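A.B. asks: Mind looking over this structure? Questions follow.
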Amino acid sequence: MIYAEFKKRLLDELERERDMTIVRERINAPEALFDIKSTNDKLYIKILRNFEMTILRNVDRLIVNLCKAHNTNISIENLFDMTININGRSTALDFKTSPSGFDSGKLKAYLNRQEETGQPLLIVFLLKDSVAAQESLRNFTLRAQKFNPRVNIEVLLFEELIEMLFGYEEKLKFLNSMNGFREEMHEVIGYQITEICSSKNRLILRENLLSELESFDYSAVKDEKSLCAGAELDDNSFREILNSFRDKKLYKLLVGNGDFAESFITSEWLYKKYFTLKDLDNTFIVSGYLKSIEQLLWDVIRLLGNGRKLKNKIIAEENYDSLNKALGSLEQFFAEPENLDLFRDVFGDNKEFVVIYLKSQISDWRRKYRNGYLHKEKLNDKNTIESVRKETIYLYMLILGSIELSEEHAVSLMG
């Protein structure tokens, strides 16, 4: 039972850490001017570094749980991982992944810190028992004695520690539980570096989203928003927008291959898998929704707006990079009278009011969430995250259902 819980928690945390590292890198990472490492190289290094911390944290927890099961006293400390009584001596335990993680500077500082405590130290390396592993431990011990012959340290492999503390039978239980762990880990987190979920999970997520987006209660969101001051949308225009969104299956665009769909799917994966966790940084969920609306508006403008103006600059392929693509600028583009023809003629005399309503909804959404989403106290409120999500989905429906999109346009937006 202890080992089953250990593996499940470890796999869950590794998957979560992998996903969060990728999303964090997409949102926050600046690029170095001179760098021989590719984006994927750097991302892979960060994932491995975070995996190491996750594994060490779970190994600590496993030893604590084993000590409880065997009625062995143990205490957690700040300097090293924990302290335990071994053969009548109070001994510090410290878990490390491999001796190769110690360069000369780190090793000297580490040994000096141990010497200052005057306490015996047992360093436990997370390596499989083999001739190469034992040789690595011997070399580490020789290096340590050469740097500081006064230190009182021993080195062990993790399975050797379990046998020493809890007996041979417990070691066998641990080793048996770890059979197939590599394959289990690969199945959970062994997908492409830049993907946040496996192709199988992504397919399931997309299928679920298609059903959810089609049956989503858009009317309820409209009614909630009608309670706030601002522009109103008449019932006939709303039905036209919603029917177009559903009948033309424009919601499929949100699970396509466009950049806006990728941002949306990322947020949905984080929302559905991690939203209930207390310590999740919800910034990453909200950021994906916000980014996705900006990307959708820009993709529509790029598709339909060539030759028109965005903030007084002509929209043309050769100057896409120099255009102001901030959300406020994109929002204003659709409110310009000369762009009224981009909206569906089915609205008749109400077309201007539809545009006014759409702009007011984007503006309200931007003011509430885009400009203030970094306030941590708000992001820790689950109701806020729920509101961001449902109002973002509502905006997708308004944008795609009100603009005149041909089948060719939809194919292009699908990516």
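Residues in the structure tokens are named by chain (A, B, ... in the order shown) and by number from 1 within that chain; ligands are numbered from 1 in the order shown.
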I'd like the neighbourhood of range 272-277 of chain A as an MDAnalysis selection string, where a residue qualifies if any of its atoms comes within 12 Å (using only C-alpha atoms), though same-chain residues fewer than 3 positions away should be ignored.
C.D. replies: chainID A and resid 12:13 15:17 19:20 196:197 201 205 208:209 265:269 280:286 379:383 385:386 389
A.B. asks: Based on DSSP run over this structure's backbone, return all residues of range 21-257 of chain A in alpha helix (DSSP H), as a VMD selection string.
C.D. replies: chain A and resid 21 to 28 39 to 69 104 to 117 131 to 147 158 to 166 168 to 177 181 to 189 199 to 215 218 to 226 235 to 247
A.B. asks: Go through A:Val188, A:Lys68, A:Ile315, A:Gln114 and flag the residue nearest Phe166 in chain A, using only C-alpha atoms for the distances.
C.D. replies: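 Among the listed residues, the smallest separation from Phe166 in chain A belongs to A:Lys68.
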A.B. asks: Give me, as a list of chain:residue names, all polymer residues having an atom no more than 9 Å from Lys128 in chain A, counting only C-alpha atoms and skipping those fewer than 5 positions away in the same chain.
C.D. replies: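 So the residues in contact are A:Ala133, A:Leu157, A:Phe158, A:Glu159.
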A.B. asks: Env of range 301-303 of chain A: 8 Å cut, atoms = only C-alpha atoms, seq-sep filter 2 positions within chain, self excluded. Answer as a VMD selection string.
C.D. replies: chain A and resid 297 to 299 305 to 306 315 330 409
A.B. asks: Selection from above, N, CA, C and O atoms, as an mmCIF file, in the first residue's frame, can you write it?
C.D. replies:
data_model
loop_
_atom_site.group_PDB
_atom_site.id
_atom_site.type_symbol
_atom_site.label_atom_id
_atom_site.label_comp_id
_atom_site.auth_asym_id
_atom_site.auth_seq_id
_atom_site.Cartn_x
_atom_site.Cartn_y
_atom_site.Cartn_z
ATOM 1 N N LEU A 297 -8.741 36.808 -32.424
ATOM 2 C CA LEU A 297 -9.059 38.083 -33.069
ATOM 3 C C LEU A 297 -8.030 38.418 -34.147
ATOM 4 O O LEU A 297 -8.384 38.870 -35.243
ATOM 5 N N TRP A 298 -6.752 38.184 -33.836
ATOM 6 C CA TRP A 298 -5.724 38.495 -34.824
ATOM 7 C C TRP A 298 -5.827 37.570 -36.033
ATOM 8 O O TRP A 298 -5.695 38.000 -37.185
ATOM 9 N N ASP A 299 -6.102 36.288 -35.800
ATOM 10 C CA ASP A 299 -6.226 35.361 -36.927
ATOM 11 C C ASP A 299 -7.388 35.748 -37.836
ATOM 12 O O ASP A 299 -7.298 35.630 -39.070
ATOM 13 N N GLY A 305 -8.844 40.947 -43.055
ATOM 14 C CA GLY A 305 -8.572 42.381 -42.996
ATOM 15 C C GLY A 305 -7.492 42.912 -43.892
ATOM 16 O O GLY A 305 -7.142 44.102 -43.794
ATOM 17 N N ASN A 306 -6.919 42.102 -44.764
ATOM 18 C CA ASN A 306 -5.860 42.611 -45.637
ATOM 19 C C ASN A 306 -6.350 43.797 -46.463
ATOM 20 O O ASN A 306 -7.426 43.754 -47.066
ATOM 21 N N ILE A 315 -3.042 46.833 -43.211
ATOM 22 C CA ILE A 315 -2.789 45.424 -42.903
ATOM 23 C C ILE A 315 -2.324 44.724 -44.169
ATOM 24 O O ILE A 315 -3.051 44.667 -45.175
ATOM 25 N N LEU A 330 -7.016 45.300 -31.415
ATOM 26 C CA LEU A 330 -7.799 44.313 -32.163
ATOM 27 C C LEU A 330 -9.287 44.521 -31.940
ATOM 28 O O LEU A 330 -10.093 44.427 -32.878
ATOM 29 N N HIS A 409 -12.845 30.115 -45.050
ATOM 30 C CA HIS A 409 -12.312 30.826 -43.890
ATOM 31 C C HIS A 409 -12.196 29.880 -42.696
ATOM 32 O O HIS A 409 -11.194 29.901 -41.970
#
A.B. asks: Quick one: residues within 7 Å of range 1-11 of chain A, only C-alpha atoms counted, chain neighbours fewer than 3 positions away excluded, as JSON, numbers by chain?
C.D. replies: {"A": [14, 15, 55, 58, 62, 174, 177, 185]}
A.B. asks: Would you mind exporting all heavy atoms of the selected residues as a PDB file, in the first residue's frame?
C.D. replies:
ATOM      1  N   LEU A  14       4.966  14.183 -11.274  1.00  0.00           N
ATOM      2  CA  LEU A  14       5.855  14.319 -12.429  1.00  0.00           C
ATOM      3  C   LEU A  14       5.087  14.819 -13.646  1.00  0.00           C
ATOM      4  O   LEU A  14       5.564  15.698 -14.371  1.00  0.00           O
ATOM      5  CB  LEU A  14       6.518  12.975 -12.747  1.00  0.00           C
ATOM      6  CG  LEU A  14       7.610  12.499 -11.784  1.00  0.00           C
ATOM      7  CD1 LEU A  14       8.058  11.098 -12.155  1.00  0.00           C
ATOM      8  CD2 LEU A  14       8.793  13.450 -11.773  1.00  0.00           C
ATOM      9  N   GLU A  15       3.889  14.276 -13.857  1.00  0.00           N
ATOM     10  CA  GLU A  15       3.081  14.730 -14.997  1.00  0.00           C
ATOM     11  C   GLU A  15       2.696  16.196 -14.832  1.00  0.00           C
ATOM     12  O   GLU A  15       2.788  16.990 -15.770  1.00  0.00           O
ATOM     13  CB  GLU A  15       1.825  13.877 -15.122  1.00  0.00           C
ATOM     14  CG  GLU A  15       0.984  14.262 -16.334  1.00  0.00           C
ATOM     15  CD  GLU A  15      -0.249  13.394 -16.486  1.00  0.00           C
ATOM     16  OE1 GLU A  15      -0.663  12.743 -15.511  1.00  0.00           O
ATOM     17  OE2 GLU A  15      -0.804  13.380 -17.601  1.00  0.00           O
ATOM     18  N   ILE A  55      11.149  14.082  -7.517  1.00  0.00           N
ATOM     19  CA  ILE A  55      11.515  12.742  -7.066  1.00  0.00           C
ATOM     20  C   ILE A  55      12.106  12.792  -5.654  1.00  0.00           C
ATOM     21  O   ILE A  55      11.740  11.988  -4.785  1.00  0.00           O
ATOM     22  CB  ILE A  55      12.519  12.109  -8.056  1.00  0.00           C
ATOM     23  CG1 ILE A  55      11.807  11.800  -9.383  1.00  0.00           C
ATOM     24  CG2 ILE A  55      13.136  10.845  -7.474  1.00  0.00           C
ATOM     25  CD1 ILE A  55      12.734  11.462 -10.521  1.00  0.00           C
ATOM     26  N   ASN A  58       9.416  13.243  -3.060  1.00  0.00           N
ATOM     27  CA  ASN A  58       8.610  12.055  -2.827  1.00  0.00           C
ATOM     28  C   ASN A  58       9.383  10.944  -2.136  1.00  0.00           C
ATOM     29  O   ASN A  58       8.805  10.148  -1.385  1.00  0.00           O
ATOM     30  CB  ASN A  58       8.021  11.560  -4.158  1.00  0.00           C
ATOM     31  CG  ASN A  58       6.778  12.321  -4.559  1.00  0.00           C
ATOM     32  OD1 ASN A  58       5.677  11.985  -4.156  1.00  0.00           O
ATOM     33  ND2 ASN A  58       6.955  13.378  -5.348  1.00  0.00           N
ATOM     34  N   LEU A  62       8.360   9.008   1.253  1.00  0.00           N
ATOM     35  CA  LEU A  62       8.323   7.555   1.353  1.00  0.00           C
ATOM     36  C   LEU A  62       9.053   7.067   2.597  1.00  0.00           C
ATOM     37  O   LEU A  62       8.548   6.204   3.334  1.00  0.00           O
ATOM     38  CB  LEU A  62       8.942   6.923   0.101  1.00  0.00           C
ATOM     39  CG  LEU A  62       9.109   5.403   0.131  1.00  0.00           C
ATOM     40  CD1 LEU A  62       7.758   4.706   0.291  1.00  0.00           C
ATOM     41  CD2 LEU A  62       9.826   4.908  -1.121  1.00  0.00           C
ATOM     42  N   PHE A 174      10.105  -3.117  -1.936  1.00  0.00           N
ATOM     43  CA  PHE A 174      10.360  -1.886  -2.680  1.00  0.00           C
ATOM     44  C   PHE A 174      10.786  -2.194  -4.118  1.00  0.00           C
ATOM     45  O   PHE A 174      10.250  -1.616  -5.076  1.00  0.00           O
ATOM     46  CB  PHE A 174      11.442  -1.057  -1.988  1.00  0.00           C
ATOM     47  CG  PHE A 174      11.975   0.063  -2.831  1.00  0.00           C
ATOM     48  CD1 PHE A 174      11.203   1.188  -3.076  1.00  0.00           C
ATOM     49  CD2 PHE A 174      13.241  -0.019  -3.399  1.00  0.00           C
ATOM     50  CE1 PHE A 174      11.675   2.220  -3.879  1.00  0.00           C
ATOM     51  CE2 PHE A 174      13.729   1.013  -4.198  1.00  0.00           C
ATOM     52  CZ  PHE A 174      12.942   2.132  -4.428  1.00  0.00           C
ATOM     53  N   SER A 177       7.968  -3.444  -6.216  1.00  0.00           N
ATOM     54  CA  SER A 177       7.010  -2.381  -6.548  1.00  0.00           C
ATOM     55  C   SER A 177       7.504  -1.502  -7.685  1.00  0.00           C
ATOM     56  O   SER A 177       6.713  -0.893  -8.401  1.00  0.00           O
ATOM     57  CB  SER A 177       6.741  -1.506  -5.316  1.00  0.00           C
ATOM     58  OG  SER A 177       7.825  -0.639  -5.046  1.00  0.00           O
ATOM     59  N   MET A 185       5.988   5.335 -16.173  1.00  0.00           N
ATOM     60  CA  MET A 185       6.314   6.749 -16.266  1.00  0.00           C
ATOM     61  C   MET A 185       6.277   7.203 -17.720  1.00  0.00           C
ATOM     62  O   MET A 185       5.782   8.285 -18.033  1.00  0.00           O
ATOM     63  CB  MET A 185       7.686   7.032 -15.652  1.00  0.00           C
ATOM     64  CG  MET A 185       8.022   8.519 -15.588  1.00  0.00           C
ATOM     65  SD  MET A 185       9.515   8.883 -14.638  1.00  0.00           S
ATOM     66  CE  MET A 185      10.761   8.292 -15.773  1.00  0.00           C
TER      67      MET A 185
END
A.B. asks: At a cut-off of 9 Å, can you tabulate as a Markdown table every residue of range 298-413 of chain A near range 218-240 of chain A together with its closest atom pair and the distance in Å to one decimal, using only C-alpha atoms and ordering rows by chain then number?
C.D. replies:
| residue | atom | partner | partner_atom | distance |
| --- | --- | --- | --- | --- |
| A:Val346 | CA | A:Glu240 | CA | 7.8 |
| A:Phe347 | CA | A:Ser237 | CA | 6.2 |
| A:Asn350 | CA | A:Ser237 | CA | 7.6 |
| A:Lys351 | CA | A:Ser237 | CA | 8.5 |
| A:Phe353 | CA | A:Leu233 | CA | 7.2 |
| A:Val354 | CA | A:Leu233 | CA | 6.5 |
| A:Ile356 | CA | A:Ala231 | CA | 6.9 |
| A:Tyr357 | CA | A:Ala231 | CA | 5.2 |
| A:Leu358 | CA | A:Ala231 | CA | 8.7 |
| A:Ser360 | CA | A:Ala231 | CA | 6.5 |
| A:Gln361 | CA | A:Ala231 | CA | 8.3 |
| A:Asp364 | CA | A:Gly230 | CA | 8.9 |
| A:Lys390 | CA | A:Val221 | CA | 7.4 |
| A:Glu391 | CA | A:Val221 | CA | 7.0 |
| A:Ile393 | CA | A:Tyr218 | CA | 8.4 |
| A:Tyr394 | CA | A:Tyr218 | CA | 6.1 |
| A:Met397 | CA | A:Tyr218 | CA | 8.1 |
| A:Leu398 | CA | A:Phe238 | CA | 8.5 |
| A:Gly401 | CA | A:Glu240 | CA | 7.7 |
| A:Ser402 | CA | A:Glu240 | CA | 8.0 |
